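S.K.: Got a structure for you, input.txt, holding compact mmCIF, C-alpha atoms and all ligand atoms.
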# COMPACT_ATOMS: atom_id res chain seq x y z
CA MET A 1 189.93 162.36 233.50
CA LEU A 2 193.51 161.33 232.86
CA PHE A 3 195.16 163.99 230.73
CA ASP A 4 198.87 164.51 230.12
CA CYS A 5 199.74 168.19 229.55
CA HIS A 6 203.35 167.60 228.46
CA THR A 7 204.37 165.08 225.78
CA HIS A 8 206.81 165.14 222.89
CA LEU A 9 207.15 163.65 219.45
CA PHE A 10 210.69 163.15 218.19
CA GLY A 11 210.83 161.86 214.62
CA PRO A 12 214.10 160.69 213.06
CA GLY A 13 216.75 163.44 213.34
CA GLN A 14 214.48 165.85 215.27
CA PHE A 15 216.31 165.40 218.59
CA GLY A 16 219.81 166.23 217.42
CA GLY A 17 222.76 168.60 217.60
CA ALA A 18 223.97 169.80 220.99
CA THR A 19 221.00 168.30 222.85
CA LEU A 20 221.58 164.81 221.47
CA ALA A 21 225.32 165.05 222.18
CA ALA A 22 224.64 166.10 225.78
CA ALA A 23 221.95 163.44 226.22
CA LYS A 24 224.30 160.71 225.03
CA LYS A 25 226.84 161.80 227.62
CA ALA A 26 224.29 162.14 230.44
CA TRP A 27 222.61 158.80 229.73
CA GLY A 28 225.69 156.92 228.58
CA SER A 29 223.81 155.68 225.53
CA ASP A 30 224.61 155.98 221.87
CA LYS A 31 221.06 155.51 220.64
CA GLU A 32 219.00 158.12 218.85
CA LEU A 33 215.97 159.27 220.83
CA LEU A 34 212.74 158.46 219.01
CA ALA A 35 209.09 159.10 219.77
CA THR A 36 207.25 158.62 216.50
CA PRO A 37 203.51 159.26 216.11
CA GLU A 38 202.97 155.49 216.11
CA MET A 39 204.87 155.06 219.40
CA HIS A 40 203.00 158.01 220.92
CA ARG A 41 199.60 156.70 219.88
CA GLU A 42 200.34 153.35 221.48
CA ALA A 43 201.67 154.88 224.71
CA PHE A 44 198.53 157.03 225.10
CA GLU A 45 195.96 154.44 224.05
CA SER A 46 194.36 154.27 227.49
CA LEU A 47 194.57 157.98 228.39
CA ASP A 48 191.84 160.56 227.83
CA GLY A 49 194.26 162.81 226.03
CA ALA A 50 197.49 164.76 225.88
CA VAL A 51 199.18 167.93 224.74
CA VAL A 52 201.77 167.20 222.03
CA LEU A 53 204.58 169.72 221.67
CA ALA A 54 206.45 170.93 218.61
CA PHE A 55 209.94 172.30 219.26
CA ASP A 56 211.76 174.91 217.20
CA ALA A 57 215.15 175.30 218.88
CA PRO A 58 217.94 175.44 216.28
CA ALA A 59 220.42 176.77 218.89
CA THR A 60 220.52 173.36 220.56
CA GLY A 61 219.53 171.01 217.74
CA LEU A 62 215.82 170.41 218.47
CA ASN A 63 213.57 170.55 215.44
CA VAL A 64 210.08 169.11 215.79
CA PRO A 65 208.10 170.96 213.08
CA ASN A 66 204.63 172.34 213.71
CA GLU A 67 203.44 170.51 210.62
CA TYR A 68 204.68 167.17 211.99
CA VAL A 69 202.74 167.59 215.23
CA ALA A 70 199.66 168.92 213.41
CA GLU A 71 199.52 166.01 210.99
CA TYR A 72 199.46 163.61 213.96
CA VAL A 73 197.01 165.37 216.29
CA SER A 74 194.55 166.14 213.48
CA ARG A 75 193.85 162.39 213.28
CA PHE A 76 192.71 162.38 216.94
CA GLN A 77 190.64 165.53 217.39
CA GLY A 78 189.43 166.12 220.92
CA LYS A 79 192.07 163.73 222.31
CA PHE A 80 195.43 165.15 221.29
CA PHE A 81 196.09 168.90 221.30
CA GLY A 82 199.12 170.21 219.40
CA PHE A 83 201.21 173.16 220.61
CA ALA A 84 203.20 175.04 217.99
CA SER A 85 206.75 176.17 218.60
CA VAL A 86 208.42 179.24 217.11
CA ASP A 87 211.94 180.27 217.98
CA PRO A 88 211.52 183.85 219.30
CA ASN A 89 214.86 184.77 217.67
CA ARG A 90 213.31 184.31 214.22
CA GLU A 91 212.42 187.45 212.35
CA ASN A 92 208.63 187.93 212.35
CA ALA A 93 208.11 185.32 215.08
CA PRO A 94 204.56 186.60 215.84
CA LEU A 95 203.58 186.25 212.19
CA LEU A 96 205.11 182.76 211.99
CA LEU A 97 203.07 181.80 215.05
CA GLU A 98 199.85 183.14 213.60
CA GLU A 99 200.45 181.31 210.30
CA ALA A 100 201.20 178.04 212.11
CA ILE A 101 198.05 178.32 214.21
CA LYS A 102 195.78 179.19 211.30
CA GLU A 103 197.27 176.66 208.90
CA TYR A 104 197.58 173.73 211.28
CA GLN A 105 194.88 174.27 213.93
CA LEU A 106 197.35 174.04 216.80
CA CYS A 107 196.19 175.46 220.13
CA GLY A 108 199.22 176.54 222.20
CA LEU A 109 202.83 177.68 222.06
CA LYS A 110 205.90 175.86 223.38
CA LEU A 111 208.93 177.92 224.40
CA GLY A 112 212.19 176.95 226.08
CA PRO A 113 214.74 179.74 226.69
CA ILE A 114 217.49 177.26 227.64
CA TYR A 115 217.02 175.47 224.29
CA GLN A 116 216.19 178.47 222.10
CA ASN A 117 218.71 180.84 223.72
CA PHE A 118 216.66 183.96 224.31
CA TYR A 119 215.90 186.07 227.39
CA PRO A 120 212.16 185.83 228.02
CA ASN A 121 211.84 189.20 229.76
CA ASP A 122 213.57 191.05 226.90
CA ARG A 123 210.83 193.35 225.58
CA GLN A 124 211.72 192.60 221.95
CA HIS A 125 209.87 189.28 222.44
CA PHE A 126 206.71 190.78 223.98
CA SER A 127 205.01 191.02 220.58
CA LEU A 128 205.17 187.21 220.42
CA TYR A 129 203.43 186.91 223.80
CA ALA A 130 200.87 189.52 222.71
CA LYS A 131 200.11 187.38 219.68
CA ALA A 132 199.69 184.30 221.87
CA GLU A 133 197.28 186.21 224.10
CA GLU A 134 195.35 187.53 221.10
CA LEU A 135 194.94 184.00 219.74
CA ASN A 136 194.09 182.63 223.20
CA LEU A 137 197.07 180.26 223.17
CA PRO A 138 198.54 179.01 226.45
CA ILE A 139 202.35 179.05 226.53
CA MET A 140 204.16 175.99 227.85
CA TRP A 141 207.55 177.15 229.13
CA HIS A 142 210.52 174.94 229.83
CA GLN A 143 211.61 177.39 232.53
CA GLY A 144 214.18 175.35 234.43
CA THR A 145 217.55 173.76 233.97
CA SER A 146 218.88 171.34 231.33
CA PHE A 147 222.14 169.54 230.68
CA VAL A 148 222.92 171.12 227.31
CA PRO A 149 226.20 173.09 227.65
CA GLU A 150 225.21 175.52 224.86
CA GLY A 151 221.90 176.52 226.55
CA TYR A 152 221.37 179.84 228.37
CA LEU A 153 220.93 178.81 232.01
CA ASP A 154 220.68 182.46 233.07
CA ALA A 155 217.60 182.84 230.84
CA SER A 156 215.73 179.99 232.44
CA ARG A 157 214.79 181.14 235.95
CA PRO A 158 211.03 181.01 236.62
CA ALA A 159 211.04 184.60 237.98
CA ALA A 160 211.94 185.82 234.47
CA LEU A 161 208.29 185.16 233.54
CA ASP A 162 206.84 187.47 236.17
CA PRO A 163 207.09 190.67 234.04
CA ILE A 164 205.31 188.80 231.21
CA ALA A 165 202.52 187.67 233.53
CA ARG A 166 202.05 191.25 234.76
CA GLU A 167 201.97 192.67 231.24
CA PHE A 168 199.60 189.96 229.94
CA PRO A 169 197.40 188.98 232.88
CA LYS A 170 195.01 186.91 230.74
CA LEU A 171 197.78 184.94 229.01
CA LYS A 172 197.81 181.39 230.35
CA MET A 173 201.32 180.12 231.04
CA ILE A 174 202.55 176.79 232.38
CA ILE A 175 206.00 176.30 233.88
CA ALA A 176 207.15 172.77 233.06
CA HIS A 177 208.80 170.49 235.63
CA MET A 178 207.81 172.96 238.41
CA GLY A 179 210.83 175.00 237.30
CA HIS A 180 213.37 172.47 238.58
CA PRO A 181 215.67 173.06 240.42
CA TRP A 182 214.04 176.43 241.25
CA VAL A 183 210.87 174.84 242.55
CA ASP A 184 210.11 177.43 245.25
CA GLU A 185 210.76 180.28 242.82
CA CYS A 186 208.35 178.62 240.38
CA ILE A 187 205.73 178.27 243.13
CA SER A 188 206.04 181.96 244.04
CA VAL A 189 205.59 183.09 240.44
CA VAL A 190 202.63 180.79 239.90
CA ARG A 191 200.98 181.71 243.21
CA LYS A 192 200.90 185.45 242.55
CA ASN A 193 199.81 185.30 238.91
CA PRO A 194 196.24 184.00 238.45
CA SER A 195 196.76 182.73 234.86
CA MET A 196 199.92 180.74 235.62
CA TYR A 197 200.22 177.00 236.19
CA MET A 198 203.02 174.47 236.62
CA ASP A 199 203.40 170.81 235.67
CA VAL A 200 205.03 167.84 237.41
CA SER A 201 206.42 166.28 234.24
CA ALA A 202 209.75 164.44 234.57
CA LEU A 203 210.08 165.17 238.30
CA ALA A 204 210.17 161.41 238.86
CA SER A 205 213.86 161.67 237.92
CA ARG A 206 214.56 163.19 241.34
CA PRO A 207 212.12 161.77 243.89
CA TRP A 208 213.48 163.72 246.87
CA GLN A 209 213.15 167.03 244.97
CA PHE A 210 209.68 165.92 243.81
CA TYR A 211 208.56 165.18 247.38
CA ASN A 212 209.83 168.57 248.58
CA ALA A 213 208.21 170.34 245.61
CA LEU A 214 204.80 168.90 246.47
CA ILE A 215 205.17 169.67 250.18
CA SER A 216 206.13 173.23 249.35
CA ALA A 217 203.13 173.57 247.03
CA VAL A 218 200.87 172.31 249.85
CA GLU A 219 202.36 174.82 252.31
CA TYR A 220 201.89 177.71 249.85
CA GLY A 221 198.37 176.54 249.01
CA VAL A 222 198.90 176.25 245.25
CA THR A 223 198.33 172.56 244.53
CA ASP A 224 195.22 173.42 242.47
CA LYS A 225 197.58 175.05 239.93
CA ILE A 226 199.64 171.89 239.38
CA LEU A 227 198.93 170.03 236.14
CA PHE A 228 199.65 166.38 235.48
CA GLY A 229 202.28 165.65 232.82
CA SER A 230 204.87 163.01 231.98
CA ASP A 231 207.39 164.52 229.52
CA TYR A 232 206.91 161.43 227.33
CA PRO A 233 209.10 159.78 225.95
CA PHE A 234 211.35 160.47 228.96
CA PHE A 235 208.62 159.11 231.24
CA THR A 236 205.30 157.43 230.62
CA PRO A 237 202.12 158.60 232.38
CA ASP A 238 202.09 155.31 234.32
CA GLN A 239 205.60 155.93 235.65
CA MET A 240 204.60 159.42 236.77
CA ILE A 241 201.45 158.19 238.48
CA GLU A 242 203.42 155.51 240.30
CA ALA A 243 206.06 158.05 241.37
CA MET A 244 203.37 160.34 242.75
CA ARG A 245 201.49 157.62 244.60
CA ASN A 246 204.79 156.48 246.18
CA ILE A 247 205.99 159.95 247.13
CA ASN A 248 205.23 159.55 250.83
CA ARG A 249 207.64 156.66 251.28
CA PHE A 250 210.20 159.22 252.52
CA THR A 251 208.01 159.90 255.52
CA GLU A 252 207.82 156.33 256.80
CA GLY A 253 209.27 156.04 260.29
CA THR A 254 209.89 159.81 260.42
CA SER A 255 207.99 162.92 261.48
CA LEU A 256 208.22 164.40 257.95
CA PRO A 257 204.91 165.74 256.60
CA ARG A 258 202.91 163.63 254.14
CA VAL A 259 201.55 164.93 250.86
CA PRO A 260 197.80 164.38 251.33
CA GLU A 261 196.49 161.55 249.14
CA GLU A 262 193.60 163.72 247.93
CA VAL A 263 196.11 166.32 246.67
CA ILE A 264 198.01 163.64 244.73
CA GLU A 265 194.81 162.25 243.18
CA ALA A 266 193.51 165.74 242.33
CA ILE A 267 196.72 166.45 240.38
CA ILE A 268 196.61 163.10 238.57
CA HIS A 269 192.99 163.70 237.56
CA ARG A 270 193.28 167.44 236.79
CA ASN A 271 190.99 168.59 233.97
CA THR A 272 193.64 170.46 231.99
CA ILE A 273 191.48 170.69 228.86
CA GLU A 274 189.01 172.85 230.77
CA LEU A 275 191.62 174.87 232.72
CA LEU A 276 193.57 175.82 229.59
CA GLU A 277 190.43 176.01 227.41
CA LEU A 278 191.99 173.72 224.82
CA LYS A 279 190.04 173.28 221.60
ZN ZN A 301 209.52 168.34 227.82
Let me see whether you can do it: turn the structure in this file into structure tokens.

M.R.:
Amino acid sequence: MLFDCHTHLFGPGQFGGATLAAAKKAWGSDKELLATPEMHREAFESLDGAVVLAFDAPATGLNVPNEYVAEYVSRFQGKFFGFASVDPNRENAPLLLEEAIKEYQLCGLKLGPIYQNFYPNDRQHFSLYAKAEELNLPIMWHQGTSFVPEGYLDASRPAALDPIAREFPKLKMIIAHMGHPWVDECISVVRKNPSMYMDVSALASRPWQFYNALISAVEYGVTDKILFGSDYPFFTPDQMIEAMRNINRFTEGTSLPRVPEEVIEAIIHRNTIELLELK
């Protein structure tokens, strides 16, 4: 099984505002970022499947509608699984989530406090998490840093999810990018909460951090809770697989510990559909 738990669609104008401005600066490119359904389909031709994320983050200019994702994934049932996104700052967010799920047959929720500008452990948002639990929807959290100046960095620490995990022990939650740069904090939250997972998506950007993240996960004994993901279009699954299989190059000629090959292969071949009970 080769399944990517973290991929995006970005239609024309959907990756905009403050995020696009910051991306242009960070990447030194003036181009619009695009990942259309057609591009996505082609990139995932040879994979068994992927989660495709909507993104409702007006605070930072991201707007990938639930309907847009649903229209695409509905053409590939059993292969692509769409996650809805609802900005928790919207009035009636739980109701909006329920409507999106029922109308569009999406099967998860995407949240990103540093893009949506909300504090996850603020109890006013707990009704949204309760709704996700009631509908058996895993929540994919971007709970880590970002380069967007307008985003709430102080809302994006992995430990902010611990009160939610304790209140909703059955709610499945995934911390994207192993909570970078707070990788060890992410590992501690995931280790103590049975329904929490983390993904490796985009960690190929920083190979030294990636190597240390995997070593730390081995030492804490939590590698079975690491899911494979790319963060397409920022990386392709092939680029992530190559980065993982090359991770031990840092150890050559040193006494640094190696990430066991069987751990790397187990992550790459993780059966996320079964773990998250995606339907
Ligand atoms: Zn992402």

S.K.: Show me which residues are within 7 Å of ligand ZN 301 (chain A) counting all atoms listed in the file, and format the list as a count of residues only.

M.R.: 5

S.K.: Ranking A:Leu109, A:Ala213, A:Ile164, A:Val69 by minimum distance to A:Pro181 and counting only C-alpha atoms, which one comes first?

M.R.: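 Nearest candidate to A:Pro181 out of A:Leu109, A:Ala213, A:Ile164, A:Val69: A:Ala213.
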
S.K.: Using all atoms listed in the file, which residue out of A:Ala155, A:Gln105, A:Leu276, A:Pro58 lies closest to A:Ser74?

M.R.: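 Answer, going by the shortest atom-to-atom distance: A:Gln105.
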
S.K.: Record the distance separating atom CA of A:Asn193 and atom CA of A:Ala165, expressed in Å with one decimal.

M.R.: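 Computed distance, atom CA of A:Asn193 to atom CA of A:Ala165, equals 6.5 Å.
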
S.K.: For atom CA of A:Val218 and atom CA of A:Pro169, determine how far apart the two atoms are, in Å to one decimal place.

M.R.: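 A separation of 24.0 Å between them.
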
S.K.: Which residue gives the smallest distance to A:Gln209 among A:Val64, A:Val148, A:Ala100, A:Met178, with only C-alpha atoms counted?

M.R.: A:Met178

S.K.: Considering only C-alpha atoms, can you say which of A:Val52, A:Met173, A:Ala160, A:Ala266 comes closest to A:Arg245?

M.R.: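 Looking at the shortest contact to A:Arg245, the residue is A:Ala266.
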
S.K.: Find the smallest box with edges along x, y and z containing every listed atom of stretch 169-188 of chain A, then add 6 Å on each side and report centre and edge lengths in Å to one decimal, as AutoDock Vina command-line options.

M.R.:
--center_x 205.3 --center_y 179.7 --center_z 237.1 --size_x 32.7 --size_y 30.5 --size_z 28.2

S.K.: Could you pull the residues within 9 Å of A:Met196, counting only C-alpha atoms, minus those fewer than 3 positions along the same chain, as number ranges by chain?

M.R.: A: 165, 171-175, 189-193, 225

S.K.: As an exercise, work out the distance from atom CA of A:Ile268 to atom CA of A:His177 in Å and give it to one decimal place.

M.R.: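 Interatomic distance, atom CA of A:Ile268 to atom CA of A:His177: 14.6 Å.
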
S.K.: Which polymer residues, whether protein, DNA or RNA, lie within 9 Å of the coordinate (206.6, 157.0, 222.0) when you count all atoms listed in the file? List them as a ChimeraX atom specification, using the chain letters and numbers from the file.

M.R.: /A:8-10,34-44,232-233,236

S.K.: Within 9 Å of (202.8, 167.2, 238.6) (coordinates as in the file), grab all the protein and nucleic acid residues, counting all atoms listed in the file, and write them out as a list in words.

M.R.: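 Residues with an atom close enough to that point: Ala176, His177, Met178, Met198, Asp199, Val200, Ser201, Ala202, Leu203, Phe210, Leu214, Ile226, Leu227, Phe228, Gly229, Ser230, Met240, Met244, Ile264, Ile267 and Ile268 of chain A.
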
S.K.: Could you turn the residues from that selection into a file that holds C-alpha atoms, as an mmCIF file, keeping the file's coordinate frame?

M.R.:
data_model
loop_
_atom_site.group_PDB
_atom_site.id
_atom_site.type_symbol
_atom_site.label_atom_id
_atom_site.label_comp_id
_atom_site.auth_asym_id
_atom_site.auth_seq_id
_atom_site.Cartn_x
_atom_site.Cartn_y
_atom_site.Cartn_z
ATOM 1 C CA ALA A 176 207.150 172.770 233.060
ATOM 2 C CA HIS A 177 208.800 170.490 235.630
ATOM 3 C CA MET A 178 207.810 172.960 238.410
ATOM 4 C CA MET A 198 203.020 174.470 236.620
ATOM 5 C CA ASP A 199 203.400 170.810 235.670
ATOM 6 C CA VAL A 200 205.030 167.840 237.410
ATOM 7 C CA SER A 201 206.420 166.280 234.240
ATOM 8 C CA ALA A 202 209.750 164.440 234.570
ATOM 9 C CA LEU A 203 210.080 165.170 238.300
ATOM 10 C CA PHE A 210 209.680 165.920 243.810
ATOM 11 C CA LEU A 214 204.800 168.900 246.470
ATOM 12 C CA ILE A 226 199.640 171.890 239.380
ATOM 13 C CA LEU A 227 198.930 170.030 236.140
ATOM 14 C CA PHE A 228 199.650 166.380 235.480
ATOM 15 C CA GLY A 229 202.280 165.650 232.820
ATOM 16 C CA SER A 230 204.870 163.010 231.980
ATOM 17 C CA MET A 240 204.600 159.420 236.770
ATOM 18 C CA MET A 244 203.370 160.340 242.750
ATOM 19 C CA ILE A 264 198.010 163.640 244.730
ATOM 20 C CA ILE A 267 196.720 166.450 240.380
ATOM 21 C CA ILE A 268 196.610 163.100 238.570
#

S.K.: Could you give me, as a compact mmCIF listing (two decimals) with C-alpha atoms, in the coordinates of the input, the residues within 6 Å of stretch 78-81 of chain A, counting only C-alpha atoms and dropping anything in the same chain fewer than 2 positions from it?

M.R.:
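In the end it all went to part00.txt:
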# COMPACT_ATOMS: atom_id res chain seq x y z
CA GLY A 49 194.26 162.81 226.03
CA ALA A 50 197.49 164.76 225.88
CA VAL A 51 199.18 167.93 224.74
CA VAL A 52 201.77 167.20 222.03
CA VAL A 73 197.01 165.37 216.29
CA PHE A 76 192.71 162.38 216.94

S.K.: Using all atoms listed in the file, which of A:Met1, A:Ala70, A:Val86, A:Val259 sits nearest A:Ser46?

M.R.: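 Among A:Met1, A:Ala70, A:Val86, A:Val259, it is A:Met1 that comes nearest to A:Ser46.
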
S.K.: Find the residue from A:Asn92, A:Asn136, A:Ser188, A:Ser85 that sits nearest to A:Pro158; use only C-alpha atoms when measuring.

M.R.: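 Ranking A:Asn92, A:Asn136, A:Ser188, A:Ser85 by distance to A:Pro158, first place goes to A:Ser188.
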
S.K.: Env of A:Ala23: 12 Å cut, atoms = only C-alpha atoms, seq-sep filter 4 positions within chain, self excluded. Answer as an mmCIF file with C-alpha atoms, keeping the file's coordinate frame.

M.R.:
data_model
loop_
_atom_site.group_PDB
_atom_site.id
_atom_site.type_symbol
_atom_site.label_atom_id
_atom_site.label_comp_id
_atom_site.auth_asym_id
_atom_site.auth_seq_id
_atom_site.Cartn_x
_atom_site.Cartn_y
_atom_site.Cartn_z
ATOM 1 C CA PHE A 15 216.310 165.400 218.590
ATOM 2 C CA GLY A 16 219.810 166.230 217.420
ATOM 3 C CA GLY A 17 222.760 168.600 217.600
ATOM 4 C CA ALA A 18 223.970 169.800 220.990
ATOM 5 C CA THR A 19 221.000 168.300 222.850
ATOM 6 C CA TRP A 27 222.610 158.800 229.730
ATOM 7 C CA GLY A 28 225.690 156.920 228.580
ATOM 8 C CA SER A 29 223.810 155.680 225.530
ATOM 9 C CA ASP A 30 224.610 155.980 221.870
ATOM 10 C CA LYS A 31 221.060 155.510 220.640
ATOM 11 C CA GLU A 32 219.000 158.120 218.850
ATOM 12 C CA LEU A 33 215.970 159.270 220.830
ATOM 13 C CA THR A 60 220.520 173.360 220.560
ATOM 14 C CA GLY A 61 219.530 171.010 217.740
ATOM 15 C CA SER A 146 218.880 171.340 231.330
ATOM 16 C CA PHE A 147 222.140 169.540 230.680
ATOM 17 C CA VAL A 148 222.920 171.120 227.310
ATOM 18 C CA PRO A 149 226.200 173.090 227.650
ATOM 19 C CA PHE A 234 211.350 160.470 228.960
#
